[in-house]
Amino acid sequence: MGHRRSPTTIAMLLILCFFFGLTLIRAEECDVPDVGVLSVGRYKFKTSLTHYWEGAVNGVDTKNADRLAGLYDLDLFYLLDAESADDWMGNYSVLVVSTQASFGYGIEGKVGTFYDLNDGAKGDHDIFIDKLFVEFTGLDRRLTWNIGKIDMIDYFDHSAVANEYKTQFFAYPLVQNQAIPFPSKGLGIRAIYEPAEDWFVQAAIADAQAQKRETVFRTTFHDEDHFFSVIETGVRPRFWGLDGTYRLTLWYDPQDKEYLDGSVRSKRDDLGFGLSMDQQIDAKTTLFFRYGWADESVHEIEDFVSFGLEVKEPIEGRSRDVFAVGYASGLRSPDNLGFHEERELDFVELYYRIQINDDLHVSPNLQLVMDPGNSTGESPATIFGLRCRYTF
């Protein structure tokens, strides 16, 4: 008796045949953003190694107060289809597969802080598929959409200078808005429409219960069908030839959330918003700002604000080096405070990124946690760090 294939298997085979069949239709080339020029049916790999060291002075536990962590990333880009264009800027469809392995944990437990001080310290994990999606463009690239296992943080609440823990700030509150409860990487769809260079609108919906090291189908189609949704609009004005971007982000989460006051009540249909901007003030200096609000009855952080600046070529002749400093402050919900706990959590970080060559940079880093243990009785903690990143 022959083996009977399930409908899901048959559907997946048909989809694969469709995508790979597209590669037989044309033999065009296309310039894919952040990837480079690819031919249909060809692929490109991008690999990176990122290592961190951090050590703390003061904090709730100063014994062995240092940590090593690292990430190993391998990304595959496979061009499925491309539209003929003399400038390689026609519409395209590309398959993206990102894998990651990691080791080491952050130093938050030694310092005693609500904030994630190193967004690159992911723990000890063998290699897994981090993201897997197809990206399409249409309307001469004014429309782009992605479907598959995606990360909403890749698209929303962005900043030109405070958005990437591998090359910019270490700490999560200077990478993303602490008041937006983005879900983990999971099954979702996102689309952005850019009718003009100075305006855009985008939206996404994704599995609210996703766990990035789980299969997307297990968390999406089992238990409750909760989906996190977000919409964002932004403008990109140019003042006296200087670039800037200003964003408004609205989010919705349908999941049940327990009230922080200890009662047995819970809340559904949670809403919040965030603001984000970055603006050049001269050819070398860019300012950034974020603000976020969430319901204090079910969220640890009620109000969040961060701001700072990045300076290119801080030392004359070091044109590829970068210096940046940022400040973040979160106002905790009063419903979950102990007697001596601090409501306002303040944090400062600065780094200097030394670009050794095209593939290697080294970044000394300094962080100040003003309220270790979230307590009013502790002296500020100082964290010294170093990041080394190699790409090839």
# chains A, B, ... in the order shown; residues from 1 in each chain; ligands from 1
>>> residues_around(residues="Ser297 of chain A", least_positions_apart="2", cutoff="9 Å", atoms="only C-alpha atoms", output="PyMOL selection string")
chain A and resi 258-261+267+294-295+299-300+302+333-336
>>> write_last_selection(atoms="N, CA and C atoms", output="tab-separated table (two decimals), in the first residue's frame")
chain	number	residue	atom	x	y	z
A	258	GLU	N	-3.64	39.57	33.88
A	258	GLU	CA	-4.04	39.74	35.28
A	258	GLU	C	-3.71	41.14	35.77
A	259	TYR	N	-4.60	41.68	36.60
A	259	TYR	CA	-4.34	42.97	37.22
A	259	TYR	C	-3.18	42.84	38.21
A	260	LEU	N	-2.36	43.90	38.29
A	260	LEU	CA	-1.17	43.87	39.15
A	260	LEU	C	-1.49	44.13	40.62
A	261	ASP	N	-2.73	44.49	40.93
A	261	ASP	CA	-3.07	44.81	42.32
A	261	ASP	C	-3.33	43.58	43.18
A	267	LYS	N	-7.92	41.43	32.42
A	267	LYS	CA	-8.34	42.37	31.38
A	267	LYS	C	-8.03	41.79	30.01
A	294	ALA	N	1.28	52.50	28.40
A	294	ALA	CA	0.51	51.26	28.52
A	294	ALA	C	-0.32	51.34	29.80
A	295	ASP	N	-1.36	50.55	29.89
A	295	ASP	CA	-2.27	50.55	31.03
A	295	ASP	C	-1.54	50.09	32.29
A	299	HIS	N	0.34	46.43	33.31
A	299	HIS	CA	1.71	46.51	32.80
A	299	HIS	C	2.64	47.07	33.87
A	300	GLU	N	3.81	46.48	33.98
A	300	GLU	CA	4.80	46.92	34.96
A	300	GLU	C	5.27	48.35	34.67
A	302	GLU	N	4.29	51.85	33.07
A	302	GLU	CA	3.14	52.66	32.64
A	302	GLU	C	3.55	53.69	31.60
A	333	SER	N	4.16	50.87	37.44
A	333	SER	CA	2.79	50.89	37.92
A	333	SER	C	2.77	50.97	39.45
A	334	PRO	N	1.95	51.83	40.05
A	334	PRO	CA	1.87	51.90	41.51
A	334	PRO	C	1.19	50.68	42.12
A	335	ASP	N	0.54	49.86	41.29
A	335	ASP	CA	-0.19	48.69	41.80
A	335	ASP	C	0.73	47.53	42.16
A	336	ASN	N	2.02	47.63	41.83
A	336	ASN	CA	2.92	46.49	42.06
A	336	ASN	C	4.22	46.94	42.73
>>> residues_around(residues="segment 87-96 of chain A", least_positions_apart="2", cutoff="8 Å", atoms="only C-alpha atoms", output="PDB file with N, CA and C atoms, in the first residue's frame")
ATOM      1  N   GLU A  29      17.804  40.081 -12.764  1.00  0.00           N
ATOM      2  CA  GLU A  29      18.570  40.456 -11.585  1.00  0.00           C
ATOM      3  C   GLU A  29      17.842  41.565 -10.851  1.00  0.00           C
ATOM      4  N   CYS A  30      18.119  41.660  -9.554  1.00  0.00           N
ATOM      5  CA  CYS A  30      17.424  42.635  -8.741  1.00  0.00           C
ATOM      6  C   CYS A  30      18.318  43.069  -7.589  1.00  0.00           C
ATOM      7  N   ASP A  31      18.207  44.340  -7.203  1.00  0.00           N
ATOM      8  CA  ASP A  31      18.924  44.869  -6.043  1.00  0.00           C
ATOM      9  C   ASP A  31      17.985  44.785  -4.840  1.00  0.00           C
ATOM     10  N   VAL A  32      18.237  43.830  -3.950  1.00  0.00           N
ATOM     11  CA  VAL A  32      17.404  43.621  -2.769  1.00  0.00           C
ATOM     12  C   VAL A  32      17.963  44.458  -1.629  1.00  0.00           C
ATOM     13  N   VAL A  37      22.762  42.866  -5.116  1.00  0.00           N
ATOM     14  CA  VAL A  37      22.225  42.376  -6.379  1.00  0.00           C
ATOM     15  C   VAL A  37      22.214  40.861  -6.393  1.00  0.00           C
ATOM     16  N   ASP A  75      22.265  33.975   7.819  1.00  0.00           N
ATOM     17  CA  ASP A  75      21.076  34.357   7.076  1.00  0.00           C
ATOM     18  C   ASP A  75      21.219  33.938   5.612  1.00  0.00           C
ATOM     19  N   LEU A  76      20.129  33.413   5.061  1.00  0.00           N
ATOM     20  CA  LEU A  76      20.078  33.005   3.657  1.00  0.00           C
ATOM     21  C   LEU A  76      19.023  33.841   2.944  1.00  0.00           C
ATOM     22  N   PHE A  77      19.394  34.384   1.759  1.00  0.00           N
ATOM     23  CA  PHE A  77      18.475  35.153   0.930  1.00  0.00           C
ATOM     24  C   PHE A  77      18.427  34.489  -0.445  1.00  0.00           C
ATOM     25  N   TYR A  78      17.226  34.045  -0.851  1.00  0.00           N
ATOM     26  CA  TYR A  78      17.061  33.329  -2.120  1.00  0.00           C
ATOM     27  C   TYR A  78      16.049  34.092  -2.962  1.00  0.00           C
ATOM     28  N   LEU A  79      16.481  34.603  -4.123  1.00  0.00           N
ATOM     29  CA  LEU A  79      15.607  35.403  -4.977  1.00  0.00           C
ATOM     30  C   LEU A  79      14.693  34.491  -5.782  1.00  0.00           C
ATOM     31  N   LEU A  80      13.378  34.598  -5.494  1.00  0.00           N
ATOM     32  CA  LEU A  80      12.391  33.758  -6.158  1.00  0.00           C
ATOM     33  C   LEU A  80      11.963  34.325  -7.501  1.00  0.00           C
ATOM     34  N   ASP A  81      11.827  35.635  -7.573  1.00  0.00           N
ATOM     35  CA  ASP A  81      11.340  36.263  -8.795  1.00  0.00           C
ATOM     36  C   ASP A  81      11.793  37.716  -8.808  1.00  0.00           C
ATOM     37  N   ALA A  82      11.935  38.275 -10.011  1.00  0.00           N
ATOM     38  CA  ALA A  82      12.324  39.674 -10.148  1.00  0.00           C
ATOM     39  C   ALA A  82      11.768  40.223 -11.448  1.00  0.00           C
ATOM     40  N   GLU A  83      11.386  41.476 -11.409  1.00  0.00           N
ATOM     41  CA  GLU A  83      10.841  42.160 -12.566  1.00  0.00           C
ATOM     42  C   GLU A  83      11.970  42.838 -13.334  1.00  0.00           C
ATOM     43  N   SER A  84      11.878  42.788 -14.620  1.00  0.00           N
ATOM     44  CA  SER A  84      12.919  43.388 -15.453  1.00  0.00           C
ATOM     45  C   SER A  84      12.952  44.905 -15.252  1.00  0.00           C
ATOM     46  N   ALA A  85      14.154  45.423 -14.977  1.00  0.00           N
ATOM     47  CA  ALA A  85      14.340  46.869 -14.808  1.00  0.00           C
ATOM     48  C   ALA A  85      15.795  47.201 -15.071  1.00  0.00           C
ATOM     49  N   SER A  98      16.619  32.916   8.519  1.00  0.00           N
ATOM     50  CA  SER A  98      17.625  33.340   9.498  1.00  0.00           C
ATOM     51  C   SER A  98      17.745  32.283  10.581  1.00  0.00           C
ATOM     52  N   LYS A 131      13.979  33.210  11.974  1.00  0.00           N
ATOM     53  CA  LYS A 131      12.953  33.801  11.118  1.00  0.00           C
ATOM     54  C   LYS A 131      12.909  33.046   9.798  1.00  0.00           C
ATOM     55  N   LEU A 132      11.713  32.971   9.201  1.00  0.00           N
ATOM     56  CA  LEU A 132      11.552  32.319   7.906  1.00  0.00           C
ATOM     57  C   LEU A 132      10.326  32.934   7.244  1.00  0.00           C
ATOM     58  N   PHE A 133      10.540  33.723   6.195  1.00  0.00           N
ATOM     59  CA  PHE A 133       9.415  34.399   5.563  1.00  0.00           C
ATOM     60  C   PHE A 133       9.739  34.701   4.108  1.00  0.00           C
ATOM     61  N   VAL A 134       8.699  35.066   3.376  1.00  0.00           N
ATOM     62  CA  VAL A 134       8.846  35.530   1.997  1.00  0.00           C
ATOM     63  C   VAL A 134       8.474  37.005   1.969  1.00  0.00           C
ATOM     64  N   GLU A 135       9.296  37.795   1.282  1.00  0.00           N
ATOM     65  CA  GLU A 135       9.032  39.234   1.121  1.00  0.00           C
ATOM     66  C   GLU A 135       8.698  39.509  -0.334  1.00  0.00           C
ATOM     67  N   PHE A 136       7.601  40.238  -0.542  1.00  0.00           N
ATOM     68  CA  PHE A 136       7.163  40.620  -1.875  1.00  0.00           C
ATOM     69  C   PHE A 136       7.119  42.142  -1.972  1.00  0.00           C
ATOM     70  N   THR A 137       7.287  42.657  -3.185  1.00  0.00           N
ATOM     71  CA  THR A 137       7.062  44.079  -3.424  1.00  0.00           C
ATOM     72  C   THR A 137       6.108  44.239  -4.611  1.00  0.00           C
ATOM     73  N   GLY A 138       5.441  45.402  -4.659  1.00  0.00           N
ATOM     74  CA  GLY A 138       4.536  45.713  -5.751  1.00  0.00           C
ATOM     75  C   GLY A 138       4.448  47.217  -5.926  1.00  0.00           C
ATOM     76  N   LEU A 139       3.741  47.640  -6.964  1.00  0.00           N
ATOM     77  CA  LEU A 139       3.540  49.069  -7.241  1.00  0.00           C
ATOM     78  C   LEU A 139       4.871  49.818  -7.294  1.00  0.00           C
ATOM     79  N   ASP A 140       5.833  49.228  -8.032  1.00  0.00           N
ATOM     80  CA  ASP A 140       7.169  49.822  -8.166  1.00  0.00           C
ATOM     81  C   ASP A 140       7.814  50.040  -6.799  1.00  0.00           C
ATOM     82  N   ARG A 141       7.683  49.054  -5.942  1.00  0.00           N
ATOM     83  CA  ARG A 141       8.285  49.006  -4.600  1.00  0.00           C
ATOM     84  C   ARG A 141       7.645  49.976  -3.610  1.00  0.00           C
TER      85      ARG A 141
END
>>> residues_around(residues="Ile127 of chain A", least_positions_apart="4", cutoff="8 Å", atoms="only C-alpha atoms", output="JSON list (two decimals) with C-alpha atoms, in the first residue's frame")
[["chain", "number", "residue", "atom", "x", "y", "z"],
["A", 99, "THR", "CA", 19.23, 30.94, 11.96],
["A", 100, "GLN", "CA", 20.84, 31.72, 15.29],
["A", 101, "ALA", "CA", 22.77, 30.07, 18.11],
["A", 102, "SER", "CA", 23.73, 31.77, 21.37]]
>>> residues_around(residues="Ala204 of chain A", least_positions_apart="2", cutoff="6 Å", atoms="only C-alpha atoms", output="PDB file with N, CA and C atoms, in the first residue's frame")
ATOM      1  N   ILE A 189       1.930  38.423   9.383  1.00  0.00           N
ATOM      2  CA  ILE A 189       1.988  39.102   8.093  1.00  0.00           C
ATOM      3  C   ILE A 189       2.100  40.602   8.339  1.00  0.00           C
ATOM      4  N   ARG A 190       2.925  41.262   7.555  1.00  0.00           N
ATOM      5  CA  ARG A 190       3.155  42.703   7.703  1.00  0.00           C
ATOM      6  C   ARG A 190       3.197  43.329   6.325  1.00  0.00           C
ATOM      7  N   SER A 229      -1.810  42.919  17.089  1.00  0.00           N
ATOM      8  CA  SER A 229      -1.845  43.749  15.884  1.00  0.00           C
ATOM      9  C   SER A 229      -1.265  45.121  16.175  1.00  0.00           C
ATOM     10  N   VAL A 230      -0.690  45.726  15.149  1.00  0.00           N
ATOM     11  CA  VAL A 230      -0.034  47.025  15.295  1.00  0.00           C
ATOM     12  C   VAL A 230      -0.162  47.789  13.990  1.00  0.00           C
TER      13      VAL A 230
END
>>> closest_atom_pairs(of="segment 173-245 of chain A", to="segment 305-315 of chain A", cutoff="10 Å", atoms="only C-alpha atoms", output="JSON lines")
{"residue": "A:Pro173", "atom": "CA", "partner": "A:Ser306", "partner_atom": "CA", "distance": 7.4}
{"residue": "A:Leu174", "atom": "CA", "partner": "A:Ser306", "partner_atom": "CA", "distance": 6.8}
{"residue": "A:Val175", "atom": "CA", "partner": "A:Ser306", "partner_atom": "CA", "distance": 9.6}
{"residue": "A:Gln176", "atom": "CA", "partner": "A:Ser306", "partner_atom": "CA", "distance": 9.4}
{"residue": "A:Asn177", "atom": "CA", "partner": "A:Val305", "partner_atom": "CA", "distance": 8.0}
{"residue": "A:Gln178", "atom": "CA", "partner": "A:Val305", "partner_atom": "CA", "distance": 8.5}
{"residue": "A:Ala179", "atom": "CA", "partner": "A:Val305", "partner_atom": "CA", "distance": 9.0}
>>> write_last_selection(atoms="N, CA and C atoms", output="PDB file, in the first residue's frame")
ATOM      1  N   PRO A 173      15.971  48.997  26.507  1.00  0.00           N
ATOM      2  CA  PRO A 173      15.235  50.266  26.546  1.00  0.00           C
ATOM      3  C   PRO A 173      15.804  51.357  25.642  1.00  0.00           C
ATOM      4  N   LEU A 174      17.001  51.154  25.088  1.00  0.00           N
ATOM      5  CA  LEU A 174      17.538  52.085  24.098  1.00  0.00           C
ATOM      6  C   LEU A 174      17.553  51.469  22.699  1.00  0.00           C
ATOM      7  N   VAL A 175      16.898  50.324  22.567  1.00  0.00           N
ATOM      8  CA  VAL A 175      16.744  49.661  21.275  1.00  0.00           C
ATOM      9  C   VAL A 175      15.281  49.680  20.840  1.00  0.00           C
ATOM     10  N   GLN A 176      14.364  49.494  21.795  1.00  0.00           N
ATOM     11  CA  GLN A 176      12.937  49.494  21.528  1.00  0.00           C
ATOM     12  C   GLN A 176      12.193  50.190  22.658  1.00  0.00           C
ATOM     13  N   ASN A 177      10.927  50.455  22.419  1.00  0.00           N
ATOM     14  CA  ASN A 177      10.065  51.094  23.403  1.00  0.00           C
ATOM     15  C   ASN A 177       9.668  50.075  24.480  1.00  0.00           C
ATOM     16  N   GLN A 178      10.024  50.350  25.729  1.00  0.00           N
ATOM     17  CA  GLN A 178       9.786  49.416  26.819  1.00  0.00           C
ATOM     18  C   GLN A 178       8.293  49.246  27.119  1.00  0.00           C
ATOM     19  N   ALA A 179       7.459  50.157  26.642  1.00  0.00           N
ATOM     20  CA  ALA A 179       6.024  50.107  26.929  1.00  0.00           C
ATOM     21  C   ALA A 179       5.210  49.402  25.843  1.00  0.00           C
TER      22      ALA A 179
END
>>> residues_around(residues="Asp207 of chain A", least_positions_apart="6", cutoff="7 Å", atoms="only C-alpha atoms", output="NGL selection string")
:A and (186-188 or 220 or 226-228)
>>> atom_distance(atom1="atom CA of Phe103 of chain A", atom2="atom CA of Phe156 of chain A")
27.0 Å
>>> closest_atom_pairs(of="segment 290-377 of chain A", to="segment 44-67 of chain A", cutoff="9 Å", atoms="only C-alpha atoms", output="Markdown table")
| residue | atom | partner | partner_atom | distance |
| --- | --- | --- | --- | --- |
| A:Asn365 | CA | A:Glu54 | CA | 8.7 |
| A:Val369 | CA | A:Gly59 | CA | 8.5 |
| A:Asp371 | CA | A:Gly59 | CA | 8.6 |
| A:Pro372 | CA | A:Gly59 | CA | 5.3 |
| A:Gly373 | CA | A:Val60 | CA | 6.1 |
>>> write_last_selection(atoms="N, CA and C atoms", output="compact mmCIF listing (two decimals), in the first residue's frame")
# COMPACT_ATOMS: atom_id res chain seq x y z
N ASN A 365 31.73 50.04 26.16
CA ASN A 365 30.39 50.46 26.56
C ASN A 365 30.36 50.76 28.06
N VAL A 369 23.02 52.20 36.13
CA VAL A 369 21.69 51.86 36.64
C VAL A 369 21.50 52.63 37.94
N ASP A 371 18.98 52.79 40.06
CA ASP A 371 18.22 52.19 41.17
C ASP A 371 18.38 50.67 41.18
N PRO A 372 19.57 50.15 41.53
CA PRO A 372 19.75 48.70 41.58
C PRO A 372 18.75 48.06 42.55
N GLY A 373 18.24 46.90 42.14
CA GLY A 373 17.24 46.24 42.96
C GLY A 373 15.91 46.98 42.95
>>> select_by_dssp(residues="segment 191-308 of chain A", states="helix (DSSP H, G or I)", output="list in words")
Val216, Phe217, Arg218, Thr219 and Thr220 of chain A
>>> closest_residue(among="A:Ala171, A:Ala162, A:Ala206, A:Cys388", to="Asp119 of chain A", atoms="only C-alpha atoms")
A:Ala171
>>> select_by_dssp(residues="segment 104-335 of chain A", states="strand (DSSP E)", output="ChimeraX atom specification")
/A:125-138,143-150,186-196,199-207,227-235,238-239,242-253,257-258,266-267,270-280,285-294,301-312,322-332
